[in-house]
file data.cif (mmCIF, C-alpha atoms)
data_entry
#
loop_
_atom_site.label_atom_id
_atom_site.label_comp_id
_atom_site.auth_asym_id
_atom_site.auth_seq_id
_atom_site.Cartn_x
_atom_site.Cartn_y
_atom_site.Cartn_z
CA MET A 98 197.94 72.91 -119.65
CA SER A 99 197.57 76.60 -120.23
CA SER A 100 194.64 78.34 -118.60
CA ALA A 101 193.06 78.79 -122.04
CA GLU A 102 192.70 75.01 -122.38
CA ARG A 103 191.43 74.32 -118.92
CA GLU A 104 187.77 74.34 -117.98
CA ARG A 105 186.75 77.35 -115.98
CA ALA A 106 185.03 77.28 -112.63
CA PHE A 107 183.50 80.23 -110.81
CA VAL A 108 183.23 80.07 -107.06
CA ILE A 109 180.97 82.68 -105.47
CA GLY A 110 181.18 82.95 -101.71
CA SER A 111 183.12 84.41 -98.83
CA GLY A 112 183.48 81.72 -96.20
CA ASP A 113 186.10 79.07 -95.50
CA ILE A 114 184.06 76.50 -97.40
CA SER A 115 184.06 78.51 -100.61
CA ALA A 116 187.83 78.99 -100.25
CA ALA A 117 188.26 75.23 -99.84
CA CYS A 118 186.06 74.63 -102.90
CA ALA A 119 188.15 77.00 -105.00
CA ALA A 120 191.37 75.35 -103.86
CA LYS A 121 190.07 71.85 -104.56
CA LEU A 122 188.75 72.73 -108.02
CA ALA A 123 192.09 74.33 -108.89
CA THR A 124 193.82 71.13 -107.79
CA ASP A 125 191.45 69.18 -110.01
CA GLY A 126 192.56 71.23 -112.99
CA PHE A 127 189.94 73.91 -113.23
CA ASP A 128 190.88 77.47 -114.06
CA THR A 129 189.19 78.85 -110.97
CA MET A 130 187.95 82.37 -110.32
CA THR A 131 186.47 83.49 -107.02
CA PHE A 132 183.87 86.19 -106.43
CA ALA A 133 182.33 87.89 -103.42
CA PRO A 134 178.75 86.85 -102.52
CA ASP A 135 177.33 90.22 -103.53
CA THR A 136 179.05 90.32 -106.92
CA CYS A 137 176.65 91.88 -109.40
CA PRO A 138 175.51 89.76 -112.35
CA GLU A 139 177.08 92.15 -114.85
CA ALA A 140 180.52 91.59 -113.32
CA LEU A 141 180.07 87.82 -113.59
CA VAL A 142 179.05 88.09 -117.23
CA GLU A 143 182.05 90.27 -117.91
CA ALA A 144 184.34 87.75 -116.22
CA ALA A 145 182.84 85.00 -118.37
CA GLU A 146 183.65 86.83 -121.57
CA GLY A 147 185.81 84.72 -123.84
CA ALA A 148 185.35 81.55 -121.81
CA VAL A 149 182.06 80.59 -120.24
CA PRO A 150 182.64 78.63 -117.04
CA PHE A 151 181.82 74.91 -117.11
CA GLY A 152 180.77 75.08 -113.51
CA VAL A 153 179.56 77.59 -110.97
CA VAL A 154 179.63 77.07 -107.21
CA LEU A 155 177.40 79.38 -105.17
CA ALA A 156 178.34 78.91 -101.53
CA LEU A 157 176.15 80.41 -98.88
CA ASP A 158 178.32 82.04 -96.22
CA GLU A 159 178.48 79.55 -93.35
CA HIS A 160 178.78 82.50 -90.99
CA LEU A 161 175.58 84.08 -92.27
CA ALA A 162 173.79 85.27 -89.20
CA VAL A 163 171.34 88.09 -88.82
CA PRO A 164 170.39 89.24 -85.33
CA GLY A 165 166.77 89.76 -84.39
CA ASP A 166 164.90 86.75 -85.75
CA TRP A 167 162.03 87.57 -88.11
CA THR A 168 162.33 91.35 -87.82
CA THR A 169 162.12 93.69 -90.79
CA GLU A 170 165.92 93.87 -90.79
CA TRP A 171 166.22 90.08 -90.68
CA ARG A 172 163.83 89.68 -93.57
CA GLY A 173 165.61 92.34 -95.59
CA ALA A 174 169.00 90.73 -95.06
CA VAL A 175 167.86 87.21 -95.97
CA ALA A 176 165.94 88.53 -98.98
CA GLU A 177 169.14 90.24 -100.15
CA VAL A 178 171.13 87.01 -99.93
CA LEU A 179 168.52 85.12 -101.93
CA ARG A 180 168.10 87.91 -104.48
CA ASN A 181 171.86 87.91 -105.14
CA ALA A 182 171.87 84.15 -105.66
CA TYR A 183 168.89 84.35 -108.03
CA ALA A 184 170.44 87.19 -110.06
CA GLN A 185 173.81 85.45 -110.27
CA THR A 186 172.16 82.18 -111.27
CA ARG A 187 170.09 83.90 -113.94
CA ALA A 188 173.07 85.67 -115.46
CA LEU A 189 175.35 82.64 -115.53
CA ALA A 190 172.68 80.09 -116.48
CA ARG A 191 171.96 82.13 -119.60
CA LEU A 192 175.57 81.65 -120.70
CA ILE A 193 176.05 78.09 -119.55
CA MET A 194 172.87 76.74 -121.12
CA ARG A 195 174.08 77.85 -124.54
CA GLU A 196 177.12 75.63 -124.09
CA ARG A 197 174.75 72.69 -123.62
CA ARG A 198 176.91 71.34 -120.81
CA GLY A 199 177.75 72.55 -117.38
CA ARG A 200 177.20 72.41 -113.65
CA ILE A 201 175.68 74.67 -111.06
CA ILE A 202 176.23 73.73 -107.43
CA TYR A 203 174.76 75.43 -104.39
CA VAL A 204 176.51 74.93 -101.06
CA VAL A 205 174.22 75.37 -98.08
CA ALA A 206 173.90 74.40 -94.42
CA ALA A 207 172.27 71.06 -93.64
CA ASP A 208 170.27 72.58 -90.80
CA GLY A 209 168.23 74.23 -93.52
CA LEU A 210 166.78 70.75 -94.01
CA THR A 211 166.11 70.04 -90.36
CA GLY A 212 165.54 73.51 -88.95
CA SER A 213 167.77 75.18 -86.43
CA GLY A 214 166.76 76.78 -83.19
CA THR A 215 169.50 79.36 -83.43
CA GLU A 216 170.80 79.86 -86.98
CA SER A 217 167.54 81.11 -88.44
CA ALA A 218 168.92 83.19 -91.32
CA ARG A 219 171.28 80.51 -92.53
CA ALA A 220 168.64 77.79 -92.23
CA VAL A 221 165.93 79.63 -94.15
CA ALA A 222 168.35 80.85 -96.83
CA SER A 223 169.80 77.35 -97.19
CA ALA A 224 166.43 75.71 -97.72
CA SER A 225 165.35 78.40 -100.17
CA LEU A 226 168.46 77.93 -102.27
CA ALA A 227 168.03 74.16 -102.26
CA GLY A 228 164.41 74.69 -103.32
CA MET A 229 165.44 77.02 -106.11
CA ALA A 230 168.07 74.50 -107.20
CA ARG A 231 165.44 71.79 -107.75
CA SER A 232 163.41 74.02 -110.08
CA VAL A 233 166.49 75.28 -111.91
CA ALA A 234 167.66 71.66 -112.28
CA ARG A 235 164.43 70.82 -114.09
CA GLU A 236 164.68 73.91 -116.31
CA LEU A 237 168.27 73.33 -117.37
CA ALA A 238 168.18 69.55 -117.69
CA PRO A 239 167.14 69.70 -121.37
CA ARG A 240 170.38 71.64 -121.97
CA SER A 241 172.50 69.03 -120.15
CA VAL A 242 173.29 71.41 -117.32
CA ASN A 243 173.26 69.64 -113.97
CA VAL A 244 172.18 71.52 -110.86
CA ASN A 245 172.77 70.14 -107.38
CA THR A 246 173.13 71.17 -103.76
CA VAL A 247 175.75 70.21 -101.21
CA ALA A 248 174.58 70.51 -97.60
CA TYR A 249 177.31 70.72 -94.99
CA GLY A 250 176.81 69.61 -91.43
CA THR A 251 176.66 72.08 -88.60
CA ALA A 252 176.33 69.77 -85.60
CA GLU A 253 179.21 68.19 -83.73
CA ASP A 254 176.85 65.76 -82.02
CA ALA A 255 176.10 64.04 -85.34
CA PRO A 256 176.54 60.25 -85.46
CA LEU A 257 180.17 60.57 -86.63
CA GLY A 258 180.81 62.83 -83.66
CA ARG A 259 182.45 65.74 -85.44
CA LEU A 260 181.89 68.52 -87.92
CA PRO A 261 182.92 67.84 -91.50
CA SER A 262 186.08 69.66 -92.56
CA THR A 263 185.89 72.30 -95.26
CA ASP A 264 187.97 69.99 -97.46
CA GLU A 265 185.41 67.23 -97.06
CA VAL A 266 182.67 69.60 -98.20
CA ALA A 267 184.84 70.71 -101.12
CA ALA A 268 185.41 67.07 -102.10
CA ALA A 269 181.65 66.63 -102.57
CA VAL A 270 181.53 69.76 -104.70
CA ALA A 271 184.44 68.44 -106.76
CA TYR A 272 182.59 65.17 -107.31
CA LEU A 273 179.52 67.02 -108.58
CA MET A 274 181.79 69.00 -110.94
CA SER A 275 183.39 65.81 -112.24
CA GLU A 276 182.66 63.73 -115.32
CA GLY A 277 181.43 60.93 -113.09
CA ALA A 278 178.53 63.03 -111.82
CA ALA A 279 177.12 63.71 -115.28
CA ALA A 280 173.93 61.78 -114.47
CA VAL A 281 173.34 63.47 -111.11
CA SER A 282 170.95 66.42 -111.01
CA GLY A 283 168.40 67.90 -108.63
CA GLN A 284 170.03 66.23 -105.63
CA VAL A 285 171.04 67.34 -102.18
CA LEU A 286 174.29 65.66 -101.17
CA SER A 287 174.73 65.98 -97.41
CA VAL A 288 178.23 66.06 -95.96
CA ASP A 289 177.06 66.26 -92.39
CA SER A 290 178.65 63.42 -90.40
CA GLY A 291 175.38 61.49 -90.63
CA MET A 292 173.23 64.19 -89.05
CA VAL A 293 170.31 63.62 -91.42
CA MET A 294 169.71 60.04 -92.49
CA ARG A 295 167.04 59.32 -95.02
CA MET Y 201 130.59 71.50 -79.80
CA GLY Y 202 133.28 71.40 -82.47
CA ALA Y 203 136.91 70.50 -81.90
CA LEU Y 204 137.89 74.18 -82.21
CA THR Y 205 135.18 75.74 -80.06
CA GLY Y 206 136.57 78.74 -78.20
CA ARG Y 207 139.66 78.94 -80.40
CA LYS Y 208 140.60 82.04 -82.38
CA ALA Y 209 142.17 81.78 -85.81
CA LEU Y 210 143.67 84.08 -88.42
CA VAL Y 211 143.69 82.82 -92.01
CA THR Y 212 145.73 84.85 -94.49
CA GLY Y 213 144.64 84.86 -98.12
CA ALA Y 214 141.11 83.92 -97.08
CA SER Y 215 139.67 85.57 -100.18
CA GLY Y 216 141.15 82.77 -102.30
CA GLY Y 217 139.80 79.28 -102.93
CA ILE Y 218 141.92 77.33 -100.47
CA GLY Y 219 141.95 80.11 -97.86
CA GLY Y 220 138.18 80.41 -98.02
CA ALA Y 221 137.76 76.67 -97.56
CA ILE Y 222 140.11 76.75 -94.57
CA ALA Y 223 138.25 79.65 -92.96
CA ALA Y 224 134.93 77.86 -93.52
CA ARG Y 225 136.19 74.60 -92.06
CA LEU Y 226 137.74 76.19 -88.96
CA ALA Y 227 134.53 78.17 -88.39
CA ALA Y 228 132.40 75.04 -88.85
CA ASP Y 229 134.57 73.34 -86.23
CA GLY Y 230 133.80 76.16 -83.81
CA ALA Y 231 136.65 78.65 -84.19
CA ALA Y 232 136.18 82.40 -84.43
CA VAL Y 233 138.01 83.36 -87.61
CA ALA Y 234 139.71 86.52 -88.80
CA CYS Y 235 139.76 86.34 -92.59
CA HIS Y 236 142.62 88.24 -94.16
CA GLY Y 237 142.41 89.76 -97.60
CA VAL Y 238 144.43 92.28 -99.56
CA PRO Y 239 143.23 95.79 -100.45
CA TRP Y 240 142.53 94.77 -104.05
CA GLU Y 241 140.82 91.51 -103.04
CA PRO Y 242 139.28 91.81 -99.58
CA ALA Y 243 137.84 88.84 -97.70
CA ASP Y 244 134.43 90.45 -97.15
CA ALA Y 245 132.50 87.81 -99.11
CA ILE Y 246 133.75 84.85 -97.09
CA VAL Y 247 133.19 86.77 -93.84
CA ALA Y 248 129.58 87.52 -94.84
CA GLU Y 249 129.09 83.87 -95.76
CA LEU Y 250 130.44 82.63 -92.43
CA GLN Y 251 128.37 85.16 -90.49
CA SER Y 252 125.24 84.12 -92.37
CA ARG Y 253 125.85 80.58 -91.11
CA GLY Y 254 126.00 81.93 -87.57
CA HIS Y 255 129.77 81.76 -87.21
CA GLN Y 256 131.95 84.44 -85.65
CA ALA Y 257 134.09 85.99 -88.37
CA ILE Y 258 135.80 89.31 -89.01
CA ALA Y 259 137.65 90.70 -92.01
CA VAL Y 260 141.17 92.10 -91.81
CA CYS Y 261 143.14 93.58 -94.63
CA GLY Y 262 146.77 94.23 -95.52
CA ASN Y 263 149.33 93.96 -98.27
CA LEU Y 264 151.81 91.31 -97.13
CA MET Y 265 154.64 93.19 -98.86
CA ASP Y 266 154.04 96.16 -96.55
CA ASN Y 267 155.40 95.77 -93.02
CA ALA Y 268 153.11 98.38 -91.48
CA GLU Y 269 150.00 96.89 -93.10
CA VAL Y 270 150.96 93.40 -91.91
CA ALA Y 271 151.40 94.56 -88.33
CA ALA Y 272 148.10 96.45 -88.46
CA ALA Y 273 146.19 93.47 -89.90
CA VAL Y 274 147.48 91.11 -87.22
CA GLN Y 275 146.72 93.64 -84.48
CA GLN Y 276 143.24 94.05 -85.89
CA ALA Y 277 142.73 90.27 -85.81
CA VAL Y 278 144.04 89.85 -82.27
CA ALA Y 279 141.99 92.80 -81.00
CA GLY Y 280 138.86 91.76 -82.88
CA LEU Y 281 138.98 88.15 -81.73
CA GLY Y 282 140.28 88.89 -78.22
CA GLY Y 283 143.46 86.84 -78.70
CA LEU Y 284 144.89 84.34 -81.17
CA ASP Y 285 145.42 80.57 -80.97
CA ILE Y 286 145.81 79.57 -84.61
CA LEU Y 287 147.67 81.27 -87.45
CA ILE Y 288 147.26 79.89 -90.96
CA ASN Y 289 149.82 81.42 -93.32
CA ASN Y 290 147.95 80.55 -96.47
CA ALA Y 291 148.38 83.64 -98.65
CA GLY Y 292 150.53 83.05 -101.68
CA VAL Y 293 151.08 84.16 -105.23
CA THR Y 294 152.61 82.65 -108.34
CA LYS Y 295 154.33 84.50 -111.13
CA ASP Y 296 156.01 81.89 -113.25
CA GLY Y 297 158.89 82.16 -115.65
CA LEU Y 298 162.12 80.41 -116.51
CA ILE Y 299 164.96 81.61 -114.29
CA VAL Y 300 166.97 82.87 -117.25
CA LYS Y 301 164.09 85.17 -118.19
CA MET Y 302 162.78 86.06 -114.74
CA ASP Y 303 163.01 89.74 -113.90
CA PRO Y 304 163.93 90.86 -110.37
CA SER Y 305 160.46 92.22 -109.60
CA THR Y 306 158.97 88.78 -110.30
CA TRP Y 307 161.46 87.17 -107.95
CA ASP Y 308 160.86 89.79 -105.26
CA LEU Y 309 157.06 89.58 -105.46
CA VAL Y 310 156.85 85.81 -105.00
CA LEU Y 311 159.53 85.64 -102.29
CA GLY Y 312 158.12 88.78 -100.67
CA VAL Y 313 154.58 87.47 -100.30
CA ASN Y 314 155.06 83.72 -99.90
CA LEU Y 315 158.12 83.64 -97.66
CA PHE Y 316 158.82 87.03 -96.11
CA GLY Y 317 155.14 87.97 -95.90
CA ALA Y 318 154.39 84.79 -93.96
CA ILE Y 319 157.37 85.45 -91.70
CA ALA Y 320 156.21 89.03 -91.10
CA VAL Y 321 152.70 87.88 -90.18
CA THR Y 322 154.16 85.28 -87.83
CA GLU Y 323 156.48 87.79 -86.19
CA ALA Y 324 153.51 90.02 -85.43
CA ALA Y 325 151.40 87.09 -84.18
CA ILE Y 326 153.97 85.35 -81.96
CA PRO Y 327 153.17 87.24 -78.71
CA ALA Y 328 149.47 86.33 -78.98
CA LEU Y 329 150.23 82.72 -79.96
CA VAL Y 330 152.56 82.34 -76.98
CA ALA Y 331 149.94 83.85 -74.70
CA SER Y 332 147.49 81.24 -75.98
CA GLY Y 333 149.46 78.45 -74.28
CA ASP Y 334 148.58 76.09 -77.15
CA GLY Y 335 149.33 78.18 -80.20
CA ARG Y 336 149.40 76.70 -83.68
CA ILE Y 337 151.14 77.94 -86.80
CA ILE Y 338 150.30 76.25 -90.08
CA ASN Y 339 152.25 77.31 -93.13
CA MET Y 340 150.99 76.52 -96.61
CA ALA Y 341 153.97 75.16 -98.52
CA SER Y 342 153.69 73.22 -101.78
CA VAL Y 343 154.88 70.08 -103.52
CA VAL Y 344 156.86 72.51 -105.66
CA GLY Y 345 158.92 73.40 -102.58
CA LEU Y 346 159.77 69.72 -102.22
CA MET Y 347 160.16 68.62 -105.85
CA GLY Y 348 160.85 71.81 -107.79
CA ASN Y 349 159.04 72.68 -111.00
CA ALA Y 350 160.27 74.13 -114.25
CA GLY Y 351 159.18 77.76 -114.46
CA GLN Y 352 158.77 78.12 -110.70
CA ALA Y 353 162.26 78.73 -109.31
CA ASN Y 354 160.90 81.69 -107.35
CA TYR Y 355 157.85 79.82 -106.05
CA GLY Y 356 159.91 76.72 -105.22
CA ALA Y 357 162.48 78.81 -103.35
CA SER Y 358 159.74 80.57 -101.41
CA LYS Y 359 158.00 77.35 -100.38
CA ALA Y 360 161.22 75.50 -99.50
CA GLY Y 361 162.22 78.48 -97.38
CA LEU Y 362 158.81 78.46 -95.74
CA ILE Y 363 159.31 74.82 -94.76
CA ALA Y 364 162.66 75.68 -93.13
CA PHE Y 365 161.02 78.62 -91.38
CA THR Y 366 158.36 76.23 -90.07
CA LYS Y 367 161.01 73.98 -88.55
CA VAL Y 368 163.03 76.83 -87.05
CA VAL Y 369 160.00 78.41 -85.45
CA ALA Y 370 158.80 74.98 -84.26
CA ARG Y 371 162.10 74.50 -82.44
CA GLN Y 372 162.16 78.04 -81.06
CA LEU Y 373 158.60 78.14 -79.77
CA ALA Y 374 158.17 74.55 -78.57
CA LYS Y 375 158.95 75.64 -75.01
CA ASP Y 376 156.07 78.12 -75.25
CA GLY Y 377 153.58 75.47 -76.30
CA VAL Y 378 153.38 76.74 -79.87
CA LYS Y 379 153.32 74.02 -82.54
CA ALA Y 380 154.33 74.86 -86.09
CA ASN Y 381 153.69 72.59 -89.05
CA ALA Y 382 153.48 72.90 -92.81
CA ILE Y 383 151.13 71.50 -95.41
CA ALA Y 384 152.41 70.78 -98.90
CA PRO Y 385 149.40 70.71 -101.22
CA GLY Y 386 149.73 69.22 -104.68
CA PHE Y 387 147.46 70.24 -107.52
CA ILE Y 388 144.29 71.65 -105.99
CA GLN Y 389 141.11 72.55 -107.85
CA THR Y 390 141.07 76.36 -107.91
CA ARG Y 391 140.18 79.14 -110.31
CA MET Y 392 143.65 78.71 -111.77
CA THR Y 393 143.35 75.01 -112.52
CA ALA Y 394 139.75 75.45 -113.68
CA GLU Y 395 141.03 77.56 -116.57
CA LEU Y 396 143.46 74.89 -117.77
CA PRO Y 397 142.74 73.30 -121.15
CA GLU Y 398 141.50 69.72 -120.89
CA LYS Y 399 144.75 68.30 -122.25
CA ALA Y 400 146.91 70.11 -119.66
CA ARG Y 401 144.51 69.00 -116.98
CA ALA Y 402 144.79 65.37 -118.05
CA ALA Y 403 148.59 65.65 -117.99
CA LEU Y 404 148.40 66.95 -114.43
CA VAL Y 405 146.11 64.16 -113.31
CA GLU Y 406 148.46 61.59 -114.81
CA GLN Y 407 151.08 62.54 -112.18
CA ILE Y 408 148.68 61.92 -109.30
CA PRO Y 409 148.33 58.37 -107.96
CA LEU Y 410 144.84 59.12 -106.63
CA THR Y 411 143.88 60.23 -110.20
CA ARG Y 412 142.15 63.49 -109.32
CA LEU Y 413 142.98 67.07 -108.45
CA GLY Y 414 142.57 67.89 -104.79
CA ASP Y 415 139.68 69.94 -103.50
CA PRO Y 416 140.28 72.99 -101.29
CA GLU Y 417 138.33 71.07 -98.64
CA ASP Y 418 141.00 68.32 -98.68
CA VAL Y 419 143.56 70.91 -97.61
CA ALA Y 420 141.16 72.53 -95.14
CA ALA Y 421 140.58 69.21 -93.40
CA VAL Y 422 144.29 68.73 -92.73
CA CYS Y 423 144.45 72.34 -91.56
CA ALA Y 424 141.65 71.62 -89.10
CA PHE Y 425 143.53 68.56 -87.84
CA LEU Y 426 146.73 70.56 -87.33
CA SER Y 427 144.71 73.26 -85.56
CA GLY Y 428 142.98 70.90 -83.19
CA PRO Y 429 143.65 68.79 -80.09
CA ASP Y 430 144.40 65.59 -82.06
CA SER Y 431 147.70 67.00 -83.36
CA ALA Y 432 148.90 68.34 -80.00
CA TYR Y 433 152.10 66.23 -80.16
CA MET Y 434 153.08 67.23 -83.70
CA THR Y 435 155.47 70.04 -84.53
CA GLY Y 436 157.98 70.83 -87.27
CA GLN Y 437 156.31 68.48 -89.74
CA VAL Y 438 155.38 68.75 -93.41
CA LEU Y 439 152.19 66.98 -94.39
CA GLY Y 440 151.65 66.33 -98.08
CA VAL Y 441 148.08 66.73 -99.33
CA ASP Y 442 148.82 65.80 -102.90
CA GLY Y 443 147.05 62.59 -103.88
CA GLY Y 444 150.33 60.72 -103.48
CA MET Y 445 152.49 62.82 -105.82
CA VAL Y 446 155.43 62.95 -103.43
CA MET Y 447 156.24 59.80 -101.54
CA ALA Y 448 159.38 60.39 -99.49
#

call {"tool": "encode", "arguments": {"input": "data.cif", "output": "C-alpha cells"}}
result
Amino acid sequence: MSSAERERAFVIGSGDISAACAAKLATDGFDTMTFAPDTCPEALVEAAEGAVPFGVVLALDEHLAVPGDWTTEWRGAVAEVLRNAYAQTRALARLIMRERRGRIIYVVAADGLTGSGTESARAVASASLAGMARSVARELAPRSVNVNTVAYGTAEDAPLGRLPSTDEVAAAVAYLMSEGAAAVSGQVLSVDSGMVMR
Amino acid sequence: MGALTGRKALVTGASGGIGGAIAARLAADGAAVACHGVPWEPADAIVAELQSRGHQAIAVCGNLMDNAEVAAAVQQAVAGLGGLDILINNAGVTKDGLIVKMDPSTWDLVLGVNLFGAIAVTEAAIPALVASGDGRIINMASVVGLMGNAGQANYGASKAGLIAFTKVVARQLAKDGVKANAIAPGFIQTRMTAELPEKARAALVEQIPLTRLGDPEDVAAVCAFLSGPDSAYMTGQVLGVDGGMVMA
C-alpha cells in the first residue's frame, strides 16, 4: 500500500515507550509520524494537512522527573507538560472529530493511579492526563472517536516480578488503535505486571 | 469537648458553600479555624459567624494562582493559630467548555487553582503539619475526577491530578505522622446548583441512587471524620460523598 492509502497515526512523545509505539503502529500498517512532546499545536495541524490522522498517541515521557517536589519550579514544569497535552489534544480533536471516527490514546505511568513516593511529577501528570482522557472520551463519543489511556507499570516487585517491556506497552496501544477496540472508550488499560488489581 | 478540641485547621475557599460548612463543622467540633478567602471574595462573613458562636476563627486571604500570596496566607494562618494540624484544600473553580473550544487561559485557571494552587498551599503548610505530629491533609477532589464529564476536561484533569497528589504526599509524609486523604463529592447543593432549571436538576438527581443532591454539611461531616482521631489509620484514600453515584 502506498502511504496515501494507509491510515495515519501521530505519536507524540520522547521516551522509549513512544518509540516502541511508533514502531508497532508502523508494523501494523499505519503511516506513522512522530513528534516531540512540546510540539506546538499549529505544527500538528500543519502535519495533518491533506490527511487527518486516524489515531493520536500522546505518551508521557517515562523519564519525566522534576527535582524539588511541590516547589514553584516543580509546579511550573508539570503545568507545562499538562498544558502541552491539552493544547495538542484540542488541536487534533478538532480535526479528528470531523472525520467521525478516530482514536486518541494517552500513555501514562501506572503509579499515577496508586501514588508514588518518589516519582511525584510523573505520577501527578499521569493521573491528570487519565482524568482529562475520561472527560474527552465523553465529549468525543458522539463523534465515534474513542479515547483511552494505557498505564505502564513502574514496579519490578509487581506480581509478575518484572517491568513490562516497551513492546508490551506498545501492543496495548496497538490494540486500542485496532478495529477490535471500536467499542472501548474511557478506559485505563494497565500493562503493569499485575501491580494494580481491581 | 469536641473531637477536634485543641486542633488548628486551615480551610481554603472557606467563603464558598462547602468551605463554609467545613469551617463551621470543624469549629463546632472544637478546632480553631483559619478561613481562607480570595481578595475578591474574602472569608470575613464566615469568620464573624464562627466568632459570634464563640469559636476561635481568623481570616486569611490570598490568590491561589499567586505563589507569594499563597505563602503569605499560610504563614498568616500558622502564626495566627500558633501552629497547624489540619489542612483542607477545598478551594476550587470551574470554567467549563468542550476541549475543542477551550482557550488556554481557561485551562490554566482551573488547573492553576484546583491542582497547582492546592499543591502550593500544601508545600507551604508541610513544615507545620509535620511539626504537629498528627497532621492531616484533606483534598477536595470530585466525582468528575473519577468519572470524567463532558465539558469539564480541565476540571476532571485537575481533580484526578489532585487525587494522585494526595497519594504521593500520603506516601511521602507517612513517616512524619501526616495523613493525606481526598474526598470526592458528587452533586452538592450550592449557589451553582440552586440556579439550575428544575428540569436540569431532575436530570442530575436521576443519576444519584440516594435521589437527592448532597448538602455541604454531608461533605463537612466526612471532612471532620478525616480530621479527627477516628481516621488515624487512614491515608492515601479517596472517599466518595456522592449519594452512590460512583460505586467502584

call {"tool": "closest_atom_pairs", "arguments": {"input": "data.cif", "of": "chain Y", "to": "chain A", "cutoff": "6 Å", "atoms": "only C-alpha atoms", "output": "Markdown table"}}
result
| residue | atom | partner | partner_atom | distance |
| --- | --- | --- | --- | --- |
| Y:Ile299 | CA | A:Arg187 | CA | 5.6 |
| Y:Val300 | CA | A:Arg187 | CA | 4.7 |
| Y:Glu323 | CA | A:Trp167 | CA | 5.9 |
| Y:Gly345 | CA | A:Gly228 | CA | 5.7 |
| Y:Gly348 | CA | A:Ser232 | CA | 4.1 |
| Y:Asn349 | CA | A:Ser232 | CA | 4.7 |
| Y:Ala350 | CA | A:Glu236 | CA | 4.9 |
| Y:Ala353 | CA | A:Met229 | CA | 4.8 |
| Y:Gly356 | CA | A:Gly228 | CA | 5.3 |
| Y:Ala357 | CA | A:Ser225 | CA | 4.3 |
| Y:Ala360 | CA | A:Gly228 | CA | 5.0 |
| Y:Gly361 | CA | A:Ser225 | CA | 4.2 |
| Y:Ala364 | CA | A:Val221 | CA | 5.2 |
| Y:Phe365 | CA | A:Val221 | CA | 5.7 |
| Y:Lys367 | CA | A:Gly212 | CA | 4.6 |
| Y:Val368 | CA | A:Gly212 | CA | 4.6 |
| Y:Arg371 | CA | A:Gly214 | CA | 5.2 |
| Y:Gln372 | CA | A:Gly214 | CA | 5.2 |

call {"tool": "resolve_selection", "arguments": {"input": "data.cif", "expression": "the PyMOL selection byres ((chain A and resi 159) around 9)", "output": "tab-separated table (two decimals) with C-alpha atoms, in the frame of the given file"}}
result
chain	number	residue	atom	x	y	z
A	111	SER	CA	183.12	84.41	-98.83
A	112	GLY	CA	183.48	81.72	-96.20
A	113	ASP	CA	186.10	79.07	-95.50
A	114	ILE	CA	184.06	76.50	-97.40
A	156	ALA	CA	178.34	78.91	-101.53
A	157	LEU	CA	176.15	80.41	-98.88
A	158	ASP	CA	178.32	82.04	-96.22
A	160	HIS	CA	178.78	82.50	-90.99
A	161	LEU	CA	175.58	84.08	-92.27
A	162	ALA	CA	173.79	85.27	-89.20
A	205	VAL	CA	174.22	75.37	-98.08
A	206	ALA	CA	173.90	74.40	-94.42
A	219	ARG	CA	171.28	80.51	-92.53

call {"tool": "residues_around", "arguments": {"input": "data.cif", "residues": "Ile338 (chain Y)", "least_positions_apart": "4", "cutoff": "8 Å", "atoms": "all atoms listed in the file", "output": "list of chain:residue names"}}
result
Y:Ile286, Y:Leu287, Y:Ile288, Y:Asn289, Y:Ala380, Y:Asn381, Y:Ala382, Y:Ile383, Y:Cys423, Y:Leu426, Y:Ser427

call {"tool": "resolve_selection", "arguments": {"input": "data.cif", "expression": "the PyMOL selection byres ((chain A and resi 151) around 10)", "output": "PyMOL selection string"}}
result
chain A and resi 103-107+127-128+148-150+152-153+192-194+196-201+242+274

call {"tool": "closest_residue", "arguments": {"input": "data.cif", "among": "Y:Gly428, Y:Gly440, Y:Gly206, Y:Gly351", "to": "Met302 (chain Y)", "atoms": "all atoms listed in the file"}}
result
Y:Gly351

call {"tool": "closest_residue", "arguments": {"input": "data.cif", "among": "Y:Gln437, Y:Ser431, Y:Gln389, Y:Gln352", "to": "Gly414 (chain Y)", "atoms": "all atoms listed in the file"}}
result
Y:Gln389

call {"tool": "atom_distance", "arguments": {"input": "data.cif", "atom1": "CA of Gly443 (chain Y)", "atom2": "CA of Ile408 (chain Y)"}}
result
5.7 Å

call {"tool": "resolve_selection", "arguments": {"input": "data.cif", "expression": "the PyMOL selection byres ((chain Y and resi 257) around 6)", "output": "PyMOL selection string"}}
result
chain Y and resi 232-234+247+256+258

call {"tool": "axis_aligned_box", "arguments": {"input": "data.cif", "around": "region 210-226 of chain Y", "padding_each_side": "8 Å", "output": "AutoDock Vina command-line options"}}
result
--center_x 140.3 --center_y 80.1 --center_z -95.7 --size_x 26.8 --size_y 27.0 --size_z 30.5

call {"tool": "closest_residue", "arguments": {"input": "data.cif", "among": "A:Val281, A:Ala271, A:Ala140, A:Val288", "to": "Gly126 (chain A)", "atoms": "all atoms listed in the file"}}
result
A:Ala271

call {"tool": "residues_near_point", "arguments": {"input": "data.cif", "point": "(182.8, 62.2, -106.3)", "cutoff": "12 Å", "atoms": "only C-alpha atoms", "output": "list of chain:residue names"}}
result
A:Asp125, A:Val247, A:Glu265, A:Val266, A:Ala267, A:Ala268, A:Ala269, A:Val270, A:Ala271, A:Tyr272, A:Leu273, A:Met274, A:Ser275, A:Glu276, A:Gly277, A:Ala278, A:Ala279, A:Val281, A:Leu286, A:Val288

call {"tool": "closest_residue", "arguments": {"input": "data.cif", "among": "Y:Gly292, Y:Pro242, Y:Met445, Y:Ala272", "to": "Leu410 (chain Y)", "atoms": "only C-alpha atoms"}}
result
Y:Met445

call {"tool": "atom_distance", "arguments": {"input": "data.cif", "atom1": "CA of Val260 (chain Y)", "atom2": "CA of Ala384 (chain Y)"}}
result
25.1 Å
